[in-house]
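K.L.:
Next comes protein.cif, mmCIF, C-alpha atoms and all ligand atoms:
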data_input
loop_
_atom_site.label_atom_id
_atom_site.label_comp_id
_atom_site.auth_asym_id
_atom_site.auth_seq_id
_atom_site.Cartn_x
_atom_site.Cartn_y
_atom_site.Cartn_z
CA MET A 26 3.89 18.80 -26.54
CA GLN A 27 3.14 18.74 -22.84
CA LYS A 28 4.71 15.93 -20.84
CA ILE A 29 4.13 15.25 -17.15
CA LYS A 30 6.08 12.98 -14.83
CA THR A 31 5.09 12.03 -11.29
CA SER A 32 6.19 9.47 -8.74
CA ALA A 33 4.68 7.86 -5.64
CA PRO A 34 6.24 5.72 -2.90
CA GLY A 35 5.65 2.12 -1.88
CA LYS A 36 4.56 1.35 1.69
CA LEU A 37 4.95 -0.97 4.63
CA MET A 38 2.16 -1.67 7.10
CA LEU A 39 3.57 -1.33 10.63
CA PHE A 40 0.53 -2.18 12.81
CA GLY A 41 -3.18 -2.82 12.31
CA GLU A 42 -3.42 -4.96 9.17
CA HIS A 43 -6.79 -6.63 8.59
CA SER A 44 -8.59 -4.86 11.44
CA VAL A 45 -8.15 -1.63 9.41
CA VAL A 46 -10.46 -3.10 6.74
CA PHE A 47 -13.14 -3.35 9.45
CA GLY A 48 -12.89 0.29 10.52
CA GLN A 49 -10.06 0.11 13.08
CA PRO A 50 -6.91 2.29 12.89
CA CYS A 51 -3.51 1.28 11.48
CA LEU A 52 0.03 2.66 11.24
CA VAL A 53 1.76 2.70 7.85
CA THR A 54 5.01 4.16 6.58
CA ALA A 55 5.98 5.12 3.01
CA VAL A 56 9.22 3.61 1.64
CA ASP A 57 11.79 5.16 -0.65
CA ARG A 58 11.23 2.76 -3.56
CA ARG A 59 9.07 4.71 -5.98
CA LEU A 60 6.94 4.12 -9.03
CA SER A 61 6.96 6.79 -11.70
CA ILE A 62 4.40 7.64 -14.36
CA THR A 63 4.99 9.79 -17.43
CA ILE A 64 2.08 11.01 -19.53
CA GLU A 65 2.09 12.63 -22.95
CA GLU A 66 -0.58 13.39 -25.50
CA ASN A 67 -1.39 10.54 -27.84
CA GLY A 68 -3.32 12.34 -30.55
CA SER A 69 -5.76 9.54 -31.39
CA ASP A 70 -8.79 7.85 -29.86
CA PHE A 71 -6.49 5.35 -28.21
CA PHE A 72 -5.11 5.24 -24.73
CA VAL A 73 -1.67 3.56 -24.78
CA LEU A 74 0.22 2.10 -21.83
CA ASP A 75 3.87 1.05 -21.71
CA ALA A 76 4.82 -0.71 -18.48
CA PRO A 77 7.86 -2.86 -19.30
CA ASP A 78 8.28 -3.82 -15.61
CA LEU A 79 4.89 -5.52 -15.85
CA GLY A 80 5.62 -7.05 -19.26
CA LEU A 81 3.36 -4.57 -21.07
CA ARG A 82 4.43 -2.85 -24.28
CA ALA A 83 2.12 -0.58 -26.24
CA TYR A 84 -1.05 -1.95 -24.63
CA SER A 85 -3.78 0.10 -26.27
CA LYS A 86 -7.51 0.59 -25.87
CA ASN A 87 -10.08 2.75 -27.65
CA ILE A 88 -11.14 5.42 -25.22
CA LYS A 89 -14.79 4.32 -25.60
CA ASP A 90 -13.96 0.83 -24.33
CA LEU A 91 -11.92 1.80 -21.26
CA ALA A 92 -12.46 -0.52 -18.28
CA LYS A 93 -15.50 -2.16 -19.84
CA GLU A 94 -14.60 -5.83 -19.49
CA ASN A 95 -12.50 -7.78 -17.00
CA LEU A 96 -9.02 -6.39 -17.28
CA PRO A 97 -5.63 -8.03 -16.91
CA LYS A 98 -4.42 -7.24 -13.38
CA GLU A 99 -1.40 -5.27 -14.64
CA VAL A 100 -3.53 -2.64 -16.37
CA SER A 101 -6.64 -2.69 -14.21
CA PHE A 102 -5.70 0.04 -11.72
CA ILE A 103 -4.51 2.54 -14.32
CA GLU A 104 -7.27 1.87 -16.84
CA THR A 105 -10.02 1.99 -14.19
CA CYS A 106 -8.60 5.20 -12.72
CA TYR A 107 -8.55 6.80 -16.19
CA ARG A 108 -12.18 5.78 -16.81
CA LEU A 109 -13.30 7.27 -13.47
CA PHE A 110 -11.30 10.45 -14.12
CA LEU A 111 -12.83 10.92 -17.60
CA ASP A 112 -16.34 10.27 -16.25
CA ARG A 113 -15.82 13.14 -13.82
CA TYR A 114 -13.79 15.46 -16.06
CA PRO A 115 -14.48 14.68 -19.76
CA GLN A 116 -11.51 15.41 -22.07
CA GLN A 117 -10.86 15.67 -25.83
CA THR A 118 -7.28 14.37 -25.96
CA THR A 119 -6.05 10.90 -25.06
CA ILE A 120 -2.74 9.94 -23.52
CA HIS A 121 0.28 7.68 -23.79
CA VAL A 122 1.37 6.46 -20.34
CA PHE A 123 4.82 5.16 -19.39
CA SER A 124 5.24 3.44 -16.05
CA LYS A 125 8.54 2.60 -14.35
CA ASN A 126 8.87 0.76 -11.08
CA GLU A 127 11.87 0.85 -8.74
CA PHE A 128 10.63 -2.28 -6.96
CA THR A 129 9.18 -5.56 -8.13
CA SER A 130 5.46 -5.98 -7.54
CA SER A 131 6.23 -9.35 -5.87
CA TYR A 132 7.42 -7.80 -2.60
CA GLY A 133 3.97 -6.53 -1.68
CA LEU A 134 5.34 -3.03 -1.13
CA GLY A 135 2.31 -1.44 -2.74
CA SER A 136 3.14 -1.10 -6.43
CA SER A 137 -0.57 -1.06 -7.39
CA SER A 138 -1.41 1.76 -4.99
CA ALA A 139 1.73 3.70 -5.94
CA SER A 140 0.89 3.41 -9.64
CA THR A 141 -2.73 4.45 -9.11
CA VAL A 142 -1.70 7.50 -7.07
CA ALA A 143 1.17 8.55 -9.37
CA PHE A 144 -1.18 8.17 -12.36
CA ALA A 145 -4.05 10.15 -10.79
CA LYS A 146 -1.64 12.96 -9.89
CA ALA A 147 -0.21 12.94 -13.44
CA LEU A 148 -3.75 13.12 -14.90
CA SER A 149 -4.64 16.08 -12.73
CA ASP A 150 -1.51 17.98 -13.82
CA PHE A 151 -1.72 16.97 -17.48
CA TYR A 152 -5.36 18.00 -17.88
CA GLN A 153 -4.96 20.92 -15.48
CA ILE A 154 -7.70 19.78 -13.12
CA PRO A 155 -6.25 20.68 -9.71
CA LEU A 156 -6.98 17.92 -7.21
CA ASP A 157 -5.97 18.27 -3.57
CA ASN A 158 -4.86 15.26 -1.51
CA ASP A 159 -8.38 14.46 -0.36
CA GLN A 160 -9.75 14.55 -3.92
CA LEU A 161 -6.84 12.42 -5.13
CA PHE A 162 -7.60 9.96 -2.36
CA GLU A 163 -11.26 9.76 -3.30
CA LEU A 164 -10.50 9.04 -6.96
CA CYS A 165 -7.81 6.46 -6.15
CA TYR A 166 -9.77 4.72 -3.41
CA GLU A 167 -12.77 4.37 -5.71
CA THR A 168 -10.43 2.84 -8.29
CA VAL A 169 -9.07 0.30 -5.80
CA LEU A 170 -12.56 -0.65 -4.60
CA LYS A 171 -13.70 -1.17 -8.22
CA VAL A 172 -10.71 -3.36 -9.03
CA GLN A 173 -10.32 -5.27 -5.77
CA GLY A 174 -13.81 -5.17 -4.26
CA VAL A 175 -12.61 -4.68 -0.71
CA ALA A 176 -9.69 -2.68 0.72
CA SER A 177 -9.07 -0.15 3.47
CA GLY A 178 -7.23 2.40 1.28
CA PHE A 179 -4.31 2.63 3.74
CA ASP A 180 -1.81 2.13 0.91
CA ILE A 181 -3.43 4.88 -1.17
CA ALA A 182 -3.26 7.30 1.78
CA SER A 183 0.38 6.34 2.36
CA ALA A 184 1.31 6.94 -1.30
CA ILE A 185 -0.40 10.35 -1.24
CA TRP A 186 0.64 11.77 2.14
CA GLY A 187 3.94 9.87 2.53
CA GLY A 188 5.79 9.86 5.86
CA THR A 189 4.31 7.69 8.59
CA ILE A 190 0.58 7.98 9.20
CA TYR A 191 -2.14 6.81 11.55
CA TYR A 192 -5.02 5.90 9.26
CA VAL A 193 -8.70 4.99 9.59
CA THR A 194 -10.68 3.99 6.50
CA PRO A 195 -13.75 5.99 5.39
CA ASP A 196 -17.02 4.25 6.25
CA GLN A 197 -19.53 4.03 3.38
CA LYS A 198 -22.44 3.22 5.70
CA THR A 199 -21.94 5.78 8.45
CA LYS A 200 -20.43 8.31 5.99
CA ARG A 201 -17.62 8.83 8.49
CA SER A 202 -14.70 10.27 6.58
CA LYS A 203 -11.22 8.80 6.70
CA ILE A 204 -8.60 9.83 9.27
CA VAL A 205 -5.06 10.59 8.09
CA GLU A 206 -2.83 11.74 10.91
CA PRO A 207 0.87 12.26 10.15
CA ILE A 208 3.10 10.92 12.94
CA ALA A 209 6.37 12.69 13.68
CA VAL A 210 8.92 9.87 13.75
CA LYS A 211 12.64 10.29 13.23
CA ASN A 212 13.88 6.70 13.30
CA LEU A 213 12.27 3.48 12.22
CA PRO A 214 14.92 0.84 12.96
CA PHE A 215 13.18 -2.05 11.21
CA LEU A 216 14.71 -4.70 9.00
CA VAL A 217 12.49 -5.94 6.19
CA GLY A 218 12.65 -9.62 5.22
CA TYR A 219 10.92 -10.94 2.10
CA THR A 220 9.67 -14.54 2.25
CA GLY A 221 9.95 -15.11 -1.50
CA ILE A 222 6.22 -15.85 -1.64
CA LYS A 223 3.77 -13.52 -3.34
CA ALA A 224 0.59 -13.15 -1.32
CA ASP A 225 -2.81 -12.27 -2.75
CA THR A 226 -4.24 -9.53 -0.54
CA ALA A 227 -7.86 -9.85 -1.72
CA THR A 228 -7.89 -13.60 -0.97
CA LEU A 229 -6.52 -13.05 2.54
CA ILE A 230 -9.05 -10.29 3.27
CA ARG A 231 -11.83 -12.68 2.20
CA MET A 232 -10.44 -15.43 4.43
CA VAL A 233 -10.63 -13.08 7.41
CA GLN A 234 -14.14 -12.00 6.40
CA ASN A 235 -15.20 -15.66 6.31
CA LEU A 236 -13.66 -16.30 9.71
CA GLN A 237 -15.51 -13.27 11.04
CA ASN A 238 -18.82 -14.59 9.66
CA GLU A 239 -18.17 -17.95 11.30
CA LYS A 240 -16.80 -16.70 14.63
CA PRO A 241 -17.73 -13.04 15.05
CA ASN A 242 -16.96 -12.88 18.78
CA LEU A 243 -13.49 -14.33 18.38
CA VAL A 244 -12.55 -12.11 15.42
CA ASP A 245 -14.04 -8.92 16.86
CA GLY A 246 -12.17 -9.63 20.10
CA ILE A 247 -8.90 -9.98 18.16
CA PHE A 248 -9.59 -6.73 16.28
CA ALA A 249 -10.23 -4.92 19.56
CA GLU A 250 -6.91 -6.19 20.94
CA ILE A 251 -5.06 -5.16 17.78
CA THR A 252 -6.56 -1.68 18.09
CA VAL A 253 -5.18 -1.31 21.63
CA LEU A 254 -1.75 -2.31 20.28
CA VAL A 255 -1.99 0.23 17.44
CA GLU A 256 -2.69 3.06 19.89
CA GLN A 257 0.19 1.97 22.15
CA ALA A 258 2.52 1.57 19.15
CA LYS A 259 1.72 5.09 17.97
CA ARG A 260 2.98 6.48 21.27
CA ALA A 261 5.95 4.11 21.45
CA LEU A 262 7.04 5.19 17.95
CA ILE A 263 6.89 8.88 18.83
CA GLU A 264 8.69 8.31 22.14
CA GLU A 265 11.18 5.91 20.51
CA ASN A 266 10.44 3.35 23.18
CA TRP A 267 11.92 0.45 21.22
CA PRO A 268 11.65 -2.32 23.84
CA LEU A 269 7.92 -1.54 24.20
CA LEU A 270 7.45 -1.31 20.43
CA GLY A 271 9.18 -4.70 20.00
CA SER A 272 6.89 -6.32 22.52
CA LEU A 273 3.83 -4.79 20.79
CA MET A 274 5.05 -6.30 17.51
CA ASP A 275 5.29 -9.76 19.10
CA GLN A 276 1.80 -9.39 20.57
CA SER A 277 0.46 -8.27 17.17
CA GLN A 278 2.01 -11.25 15.49
CA SER A 279 0.38 -13.60 17.93
CA LEU A 280 -3.05 -12.04 17.17
CA LEU A 281 -2.43 -12.23 13.41
CA ARG A 282 -1.54 -15.89 13.87
CA GLN A 283 -4.93 -16.38 15.55
CA LEU A 284 -6.53 -14.74 12.49
CA GLN A 285 -4.76 -17.48 10.49
CA VAL A 286 -3.00 -15.11 8.12
CA SER A 287 0.59 -16.01 9.02
CA SER A 288 2.50 -18.70 7.13
CA LEU A 289 5.32 -21.14 7.71
CA GLU A 290 7.79 -18.96 5.79
CA LEU A 291 6.81 -15.83 7.75
CA GLU A 292 7.04 -17.73 11.05
CA ASN A 293 10.52 -19.01 10.14
CA LEU A 294 11.86 -15.51 9.47
CA ILE A 295 10.14 -14.09 12.55
CA GLU A 296 11.47 -16.80 14.84
CA ALA A 297 14.99 -16.57 13.39
CA SER A 298 15.10 -12.80 13.93
CA GLN A 299 13.78 -13.10 17.49
CA LYS A 300 16.41 -15.75 18.33
CA ALA A 301 19.12 -13.49 16.89
CA GLY A 302 18.15 -10.70 19.28
CA ALA A 303 15.46 -8.65 17.51
CA LEU A 304 13.35 -6.61 19.94
CA GLY A 305 10.21 -7.82 18.18
CA ALA A 306 9.01 -9.13 14.82
CA LYS A 307 5.78 -9.45 12.87
CA LEU A 308 4.39 -9.88 9.39
CA SER A 309 3.59 -6.73 7.43
CA GLY A 310 0.49 -6.48 5.22
CA ALA A 311 -2.02 -9.16 4.39
CA GLY A 312 0.16 -12.12 5.45
CA GLY A 313 0.41 -15.46 3.67
CA GLY A 314 3.85 -14.43 2.35
CA ASP A 315 5.31 -11.07 1.26
CA CYS A 316 7.37 -9.33 3.96
CA MET A 317 8.03 -9.35 7.70
CA LEU A 318 9.53 -6.66 9.90
CA ALA A 319 12.07 -7.08 12.68
CA LEU A 320 12.82 -4.26 15.10
CA THR A 321 16.52 -4.25 15.95
CA ALA A 322 18.91 -2.24 18.03
CA ARG A 323 22.02 -1.13 16.12
CA GLU A 324 24.19 -3.77 17.85
CA GLN A 325 21.91 -6.62 16.72
CA ARG A 326 21.37 -5.44 13.16
CA GLU A 327 24.07 -7.61 11.65
CA SER A 328 23.16 -10.80 13.50
CA VAL A 329 19.44 -10.37 12.73
CA THR A 330 20.21 -9.66 9.06
CA GLN A 331 22.23 -12.84 8.89
CA ALA A 332 19.59 -14.88 10.72
CA ILE A 333 16.83 -13.75 8.31
CA SER A 334 19.00 -14.64 5.31
CA GLU A 335 19.93 -18.03 6.75
CA ALA A 336 16.25 -18.76 7.36
CA GLY A 337 15.61 -18.26 3.62
CA GLY A 338 14.53 -14.60 3.64
CA LYS A 339 15.78 -11.79 1.44
CA ILE A 340 16.58 -8.51 3.16
CA ILE A 341 14.93 -5.62 1.34
CA ASP A 342 16.98 -2.51 1.79
CA VAL A 343 14.48 0.36 2.05
CA ALA A 344 14.41 3.67 3.88
CA MET A 345 11.10 4.48 5.58
CA ASN A 346 9.14 7.66 6.21
CA ALA A 347 9.57 8.62 2.53
CA GLU A 348 7.97 11.54 0.69
CA GLY A 349 4.45 11.13 -0.74
CA VAL A 350 3.36 11.63 -4.36
CA ARG A 351 5.18 14.40 -6.23
CA LEU A 352 5.73 15.95 -9.59
CA GLU A 353 9.13 15.06 -11.11
CA LYS A 354 11.35 17.12 -13.38
CA ILE A 355 11.70 15.69 -16.88
O1 LIG A 401 -0.87 -7.01 1.50
P1 LIG A 401 -0.74 -5.52 1.65
O2 LIG A 401 0.64 -5.09 1.96
O3 LIG A 401 -1.35 -4.81 0.51
O4 LIG A 401 -1.58 -5.14 2.94
C1 LIG A 401 -2.91 -5.48 3.10
C2 LIG A 401 -3.42 -4.94 4.40
C3 LIG A 401 -4.84 -5.33 4.71
O5 LIG A 401 -5.20 -4.68 5.92
C4 LIG A 401 -4.98 -6.83 4.92
C5 LIG A 401 -5.80 -4.91 3.60
C6 LIG A 401 -6.14 -3.45 3.51
O6 LIG A 401 -6.63 -3.02 2.47
O7 LIG A 401 -5.97 -2.72 4.52
#
Turn this file's structure into structure tokens for me.
Ligand code: PMV
P.N.:
Amino acid sequence: MQKIKTSAPGKLMLFGEHSVVFGQPCLVTAVDRRLSITIEENGSDFFVLDAPDLGLRAYSKNIKDLAKENLPKEVSFIETCYRLFLDRYPQQTTIHVFSKNEFTSSYGLGSSSASTVAFAKALSDFYQIPLDNDQLFELCYETVLKVQGVASGFDIASAIWGGTIYYVTPDQKTKRSKIVEPIAVKNLPFLVGYTGIKADTATLIRMVQNLQNEKPNLVDGIFAEITVLVEQAKRALIEENWPLLGSLMDQSQSLLRQLQVSSLELENLIEASQKAGALGAKLSGAGGGDCMLALTAREQRESVTQAISEAGGKIIDVAMNAEGVRLEKI
């Protein structure tokens, strides 16, 4: 019986969170913690999912009822993606899916996007429907929008293309297509500190949307400033101009603070790393918790690591610029 295994990487937002949802660019890098999906034929009308990392064992659903009602969060991305895939490419056989995660979903490193992308790739190989990266993106982004309502798709693009990319979301209204531009970076000397608090991305996006409705001039002004920083950061990354990049991170953080998406725990880790000699520090992702990044020269790495830990953070040891979605040997 045919068996397919794929994997996709997690991600870290470097610059441009929140404004990317509103059509501005961002910079994101893929990390070397991966989520793998294995698919085999099930031989009944039932789709079965085993995801022990998410506390799911032998979750099953009649194929006719896929993604019909509100789904538990753990299964929503995979089940919705399967429904959308079958609507486009009807199939006779159903599948048993096994998911394995190298990182806990609490860190906010993109386990939902990695699982959606690894699953979509596995479906395309299992059913022999060749999908290129753009088609994979379209299927996965539609899945995320159905589940979450609003999202830029930066994490989906990162899981598909891997590496470090400059990304602009597709625009439904203007029909402008997305931009995915790989950036040639060799080093990304960031430390990643986890606050211990799980943030809810959709809630934070809505908070920013509400703020924008209330104070459009203020928020649009902040987005415009973030966009300037993203463009400068892109060049600084390529040129390895670390002092400049650090200062751009600090400026970003101050704008994100004005958007009210930072938190006490993030601020504590950011301040501690700056005091210990980091070149710059900022939150990464939606804010409210999850992770922060500190840019450090080699000489300061140890002192900044210690400072983040003493301030209550957990250092997450990840390599960046990792490979995008791929087929795995079984
Ligand atoms: O919380 P994360 O790591 O999934 O990042 C969210 C980034 C946002 O820009 C706030 C949302 C998005 O979809 O781009």
K.L.:
Name the closest residue to Ala176 in chain A among the candidates A:Ala76, A:Ala311, A:Leu280, A:Val205; distances are taken between atoms, counting only C-alpha atoms.
P.N.:
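For Ala176 in chain A, the nearest of the candidates is A:Ala311.
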K.L.:
Residues within 9 Å of ligand LIG 401 (chain A) (only C-alpha atoms and all ligand atoms), as a ChimeraX atom specification?
P.N.:
/A:36-38,41-47,51,132-135,137-138,175-180,194,224-227,229-230,233,309-316
K.L.:
I need the residues from that last selection saved to file as a PDB file, in the coordinates of the input (with C-alpha atoms), if you can.
P.N.:
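What landed in part_35.pdb:
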ATOM      1  CA  LYS A  36       4.560   1.350   1.690  1.00  0.00           C
ATOM      2  CA  LEU A  37       4.950  -0.970   4.630  1.00  0.00           C
ATOM      3  CA  MET A  38       2.160  -1.670   7.100  1.00  0.00           C
ATOM      4  CA  GLY A  41      -3.180  -2.820  12.310  1.00  0.00           C
ATOM      5  CA  GLU A  42      -3.420  -4.960   9.170  1.00  0.00           C
ATOM      6  CA  HIS A  43      -6.790  -6.630   8.590  1.00  0.00           C
ATOM      7  CA  SER A  44      -8.590  -4.860  11.440  1.00  0.00           C
ATOM      8  CA  VAL A  45      -8.150  -1.630   9.410  1.00  0.00           C
ATOM      9  CA  VAL A  46     -10.460  -3.100   6.740  1.00  0.00           C
ATOM     10  CA  PHE A  47     -13.140  -3.350   9.450  1.00  0.00           C
ATOM     11  CA  CYS A  51      -3.510   1.280  11.480  1.00  0.00           C
ATOM     12  CA  TYR A 132       7.420  -7.800  -2.600  1.00  0.00           C
ATOM     13  CA  GLY A 133       3.970  -6.530  -1.680  1.00  0.00           C
ATOM     14  CA  LEU A 134       5.340  -3.030  -1.130  1.00  0.00           C
ATOM     15  CA  GLY A 135       2.310  -1.440  -2.740  1.00  0.00           C
ATOM     16  CA  SER A 137      -0.570  -1.060  -7.390  1.00  0.00           C
ATOM     17  CA  SER A 138      -1.410   1.760  -4.990  1.00  0.00           C
ATOM     18  CA  VAL A 175     -12.610  -4.680  -0.710  1.00  0.00           C
ATOM     19  CA  ALA A 176      -9.690  -2.680   0.720  1.00  0.00           C
ATOM     20  CA  SER A 177      -9.070  -0.150   3.470  1.00  0.00           C
ATOM     21  CA  GLY A 178      -7.230   2.400   1.280  1.00  0.00           C
ATOM     22  CA  PHE A 179      -4.310   2.630   3.740  1.00  0.00           C
ATOM     23  CA  ASP A 180      -1.810   2.130   0.910  1.00  0.00           C
ATOM     24  CA  THR A 194     -10.680   3.990   6.500  1.00  0.00           C
ATOM     25  CA  ALA A 224       0.590 -13.150  -1.320  1.00  0.00           C
ATOM     26  CA  ASP A 225      -2.810 -12.270  -2.750  1.00  0.00           C
ATOM     27  CA  THR A 226      -4.240  -9.530  -0.540  1.00  0.00           C
ATOM     28  CA  ALA A 227      -7.860  -9.850  -1.720  1.00  0.00           C
ATOM     29  CA  LEU A 229      -6.520 -13.050   2.540  1.00  0.00           C
ATOM     30  CA  ILE A 230      -9.050 -10.290   3.270  1.00  0.00           C
ATOM     31  CA  VAL A 233     -10.630 -13.080   7.410  1.00  0.00           C
ATOM     32  CA  SER A 309       3.590  -6.730   7.430  1.00  0.00           C
ATOM     33  CA  GLY A 310       0.490  -6.480   5.220  1.00  0.00           C
ATOM     34  CA  ALA A 311      -2.020  -9.160   4.390  1.00  0.00           C
ATOM     35  CA  GLY A 312       0.160 -12.120   5.450  1.00  0.00           C
ATOM     36  CA  GLY A 313       0.410 -15.460   3.670  1.00  0.00           C
ATOM     37  CA  GLY A 314       3.850 -14.430   2.350  1.00  0.00           C
ATOM     38  CA  ASP A 315       5.310 -11.070   1.260  1.00  0.00           C
ATOM     39  CA  CYS A 316       7.370  -9.330   3.960  1.00  0.00           C
TER      40      CYS A 316
END
K.L.:
Taking all atoms listed in the file into account, name the residue in A:Arg59, A:Arg351, A:Lys28, A:Lys125 that is nearest to Leu81 in chain A.
P.N.:
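Nearest to Leu81 in chain A: A:Lys125.
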K.L.:
Using Å and a single decimal, report how far CA of Gly48 in chain A sits from CA of Tyr192 in chain A.
P.N.:
9.7 Å
K.L.:
Using all atoms listed in the file, which of A:Lys171, A:Lys300, A:Arg323, A:Lys200 sits nearest Leu109 in chain A?
P.N.:
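The shortest atom-to-atom distance to Leu109 in chain A comes from A:Lys171.
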K.L.:
Using all atoms listed in the file, find the one residue out of A:His121, A:Leu281, A:Ala261, A:Val142 that sits nearest to Asp75 in chain A.
P.N.:
A:His121
K.L.:
List the neighbours of Phe144 in chain A out to 10 Å using only C-alpha atoms; skip same-chain residues closer than 3 positions along the sequence, and give me the result as a list in words.
P.N.:
Lys30, Thr31, Ser32, Ala33, Leu60, Ser61, Ile62, Thr63, Ile64, Phe102, Ile103, Glu104, Cys106, Tyr107, Val122, Phe123, Ser124, Ser138, Ala139, Ser140, Thr141, Ala147, Leu148, Ser149, Asp150, Cys165 and Val350 of chain A
K.L.:
Please, could you write that set of residues out with C-alpha atoms as a tab-separated table (two decimals), in the coordinates of the input?
P.N.:
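Generated output (part-v9.tsv):
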chain	number	residue	atom	x	y	z
A	30	LYS	CA	6.08	12.98	-14.83
A	31	THR	CA	5.09	12.03	-11.29
A	32	SER	CA	6.19	9.47	-8.74
A	33	ALA	CA	4.68	7.86	-5.64
A	60	LEU	CA	6.94	4.12	-9.03
A	61	SER	CA	6.96	6.79	-11.70
A	62	ILE	CA	4.40	7.64	-14.36
A	63	THR	CA	4.99	9.79	-17.43
A	64	ILE	CA	2.08	11.01	-19.53
A	102	PHE	CA	-5.70	0.04	-11.72
A	103	ILE	CA	-4.51	2.54	-14.32
A	104	GLU	CA	-7.27	1.87	-16.84
A	106	CYS	CA	-8.60	5.20	-12.72
A	107	TYR	CA	-8.55	6.80	-16.19
A	122	VAL	CA	1.37	6.46	-20.34
A	123	PHE	CA	4.82	5.16	-19.39
A	124	SER	CA	5.24	3.44	-16.05
A	138	SER	CA	-1.41	1.76	-4.99
A	139	ALA	CA	1.73	3.70	-5.94
A	140	SER	CA	0.89	3.41	-9.64
A	141	THR	CA	-2.73	4.45	-9.11
A	147	ALA	CA	-0.21	12.94	-13.44
A	148	LEU	CA	-3.75	13.12	-14.90
A	149	SER	CA	-4.64	16.08	-12.73
A	150	ASP	CA	-1.51	17.98	-13.82
A	165	CYS	CA	-7.81	6.46	-6.15
A	350	VAL	CA	3.36	11.63	-4.36
K.L.:
For each of A:Leu262, A:Ile341, A:Ala306, A:Ala55, take the minimum atom-to-atom distance to Gly188 in chain A, counting all atoms listed in the file, then give the residue where this is smallest.
P.N.:
A:Ala55
K.L.:
Counting only C-alpha atoms, which of A:Asn126, A:Thr321, A:Ser202, A:Gln116 gets nearest to Trp267 in chain A?
P.N.:
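Looking at the shortest contact to Trp267 in chain A, the residue is A:Thr321.
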K.L.:
Please measure the separation of CA of Ile120 in chain A and CA of Val73 in chain A, giving the value in Å to one decimal.
P.N.:
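We find that CA of Ile120 in chain A and CA of Val73 in chain A lie 6.6 Å from each other.
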K.L.:
So what do you get for CA of Leu318 in chain A versus CA of Ile208 in chain A, distance-wise?
P.N.:
19.0 Å
K.L.:
Which residues, written as a list in words, have at least one atom at most 12 Å from Ala332 in chain A, with all atoms listed in the file counted and residues fewer than 3 positions away on the same chain left out?
P.N.:
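Contacts, in chain order: Leu216, Gly218, Asn293, Leu294, Ile295, Glu296, Ala297, Ser298, Gln299, Lys300, Ala301, Gly302, Ala303, Ala319, Gln325, Arg326, Glu327, Ser328, Val329, Glu335, Ala336, Gly337, Gly338, Lys339 and Ile340 of chain A.
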K.L.:
Assuming the input is short of atoms at range 284-295 of chain A, produce N, CA and C atoms for that part as an mmCIF file, keeping the file's coordinate frame.
P.N.:
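Okay, selection_29.cif is ready:
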data_model
loop_
_atom_site.group_PDB
_atom_site.id
_atom_site.type_symbol
_atom_site.label_atom_id
_atom_site.label_comp_id
_atom_site.auth_asym_id
_atom_site.auth_seq_id
_atom_site.Cartn_x
_atom_site.Cartn_y
_atom_site.Cartn_z
ATOM 1 N N LEU A 284 -5.661 -15.036 13.644
ATOM 2 C CA LEU A 284 -6.530 -14.740 12.490
ATOM 3 C C LEU A 284 -6.208 -15.662 11.306
ATOM 4 N N GLN A 285 -5.182 -16.487 11.487
ATOM 5 C CA GLN A 285 -4.760 -17.480 10.490
ATOM 6 C C GLN A 285 -4.213 -16.868 9.199
ATOM 7 N N VAL A 286 -3.558 -15.726 9.331
ATOM 8 C CA VAL A 286 -3.000 -15.110 8.120
ATOM 9 C C VAL A 286 -1.472 -15.218 8.067
ATOM 10 N N SER A 287 -0.862 -15.834 9.090
ATOM 11 C CA SER A 287 0.590 -16.010 9.020
ATOM 12 C C SER A 287 0.880 -17.241 8.155
ATOM 13 N N SER A 288 2.154 -17.523 7.937
ATOM 14 C CA SER A 288 2.500 -18.700 7.130
ATOM 15 C C SER A 288 3.799 -19.269 7.681
ATOM 16 N N LEU A 289 4.102 -20.472 7.247
ATOM 17 C CA LEU A 289 5.320 -21.140 7.710
ATOM 18 C C LEU A 289 6.556 -20.283 7.415
ATOM 19 N N GLU A 290 6.606 -19.741 6.200
ATOM 20 C CA GLU A 290 7.790 -18.960 5.790
ATOM 21 C C GLU A 290 7.911 -17.701 6.651
ATOM 22 N N LEU A 291 6.769 -17.029 6.901
ATOM 23 C CA LEU A 291 6.810 -15.830 7.750
ATOM 24 C C LEU A 291 7.265 -16.217 9.154
ATOM 25 N N GLU A 292 6.698 -17.304 9.683
ATOM 26 C CA GLU A 292 7.040 -17.730 11.050
ATOM 27 C C GLU A 292 8.536 -18.047 11.154
ATOM 28 N N ASN A 293 9.085 -18.683 10.107
ATOM 29 C CA ASN A 293 10.520 -19.010 10.140
ATOM 30 C C ASN A 293 11.382 -17.760 10.251
ATOM 31 N N LEU A 294 11.054 -16.746 9.446
ATOM 32 C CA LEU A 294 11.860 -15.510 9.470
ATOM 33 C C LEU A 294 11.667 -14.769 10.793
ATOM 34 N N ILE A 295 10.440 -14.785 11.301
ATOM 35 C CA ILE A 295 10.140 -14.090 12.550
ATOM 36 C C ILE A 295 10.879 -14.750 13.712
#
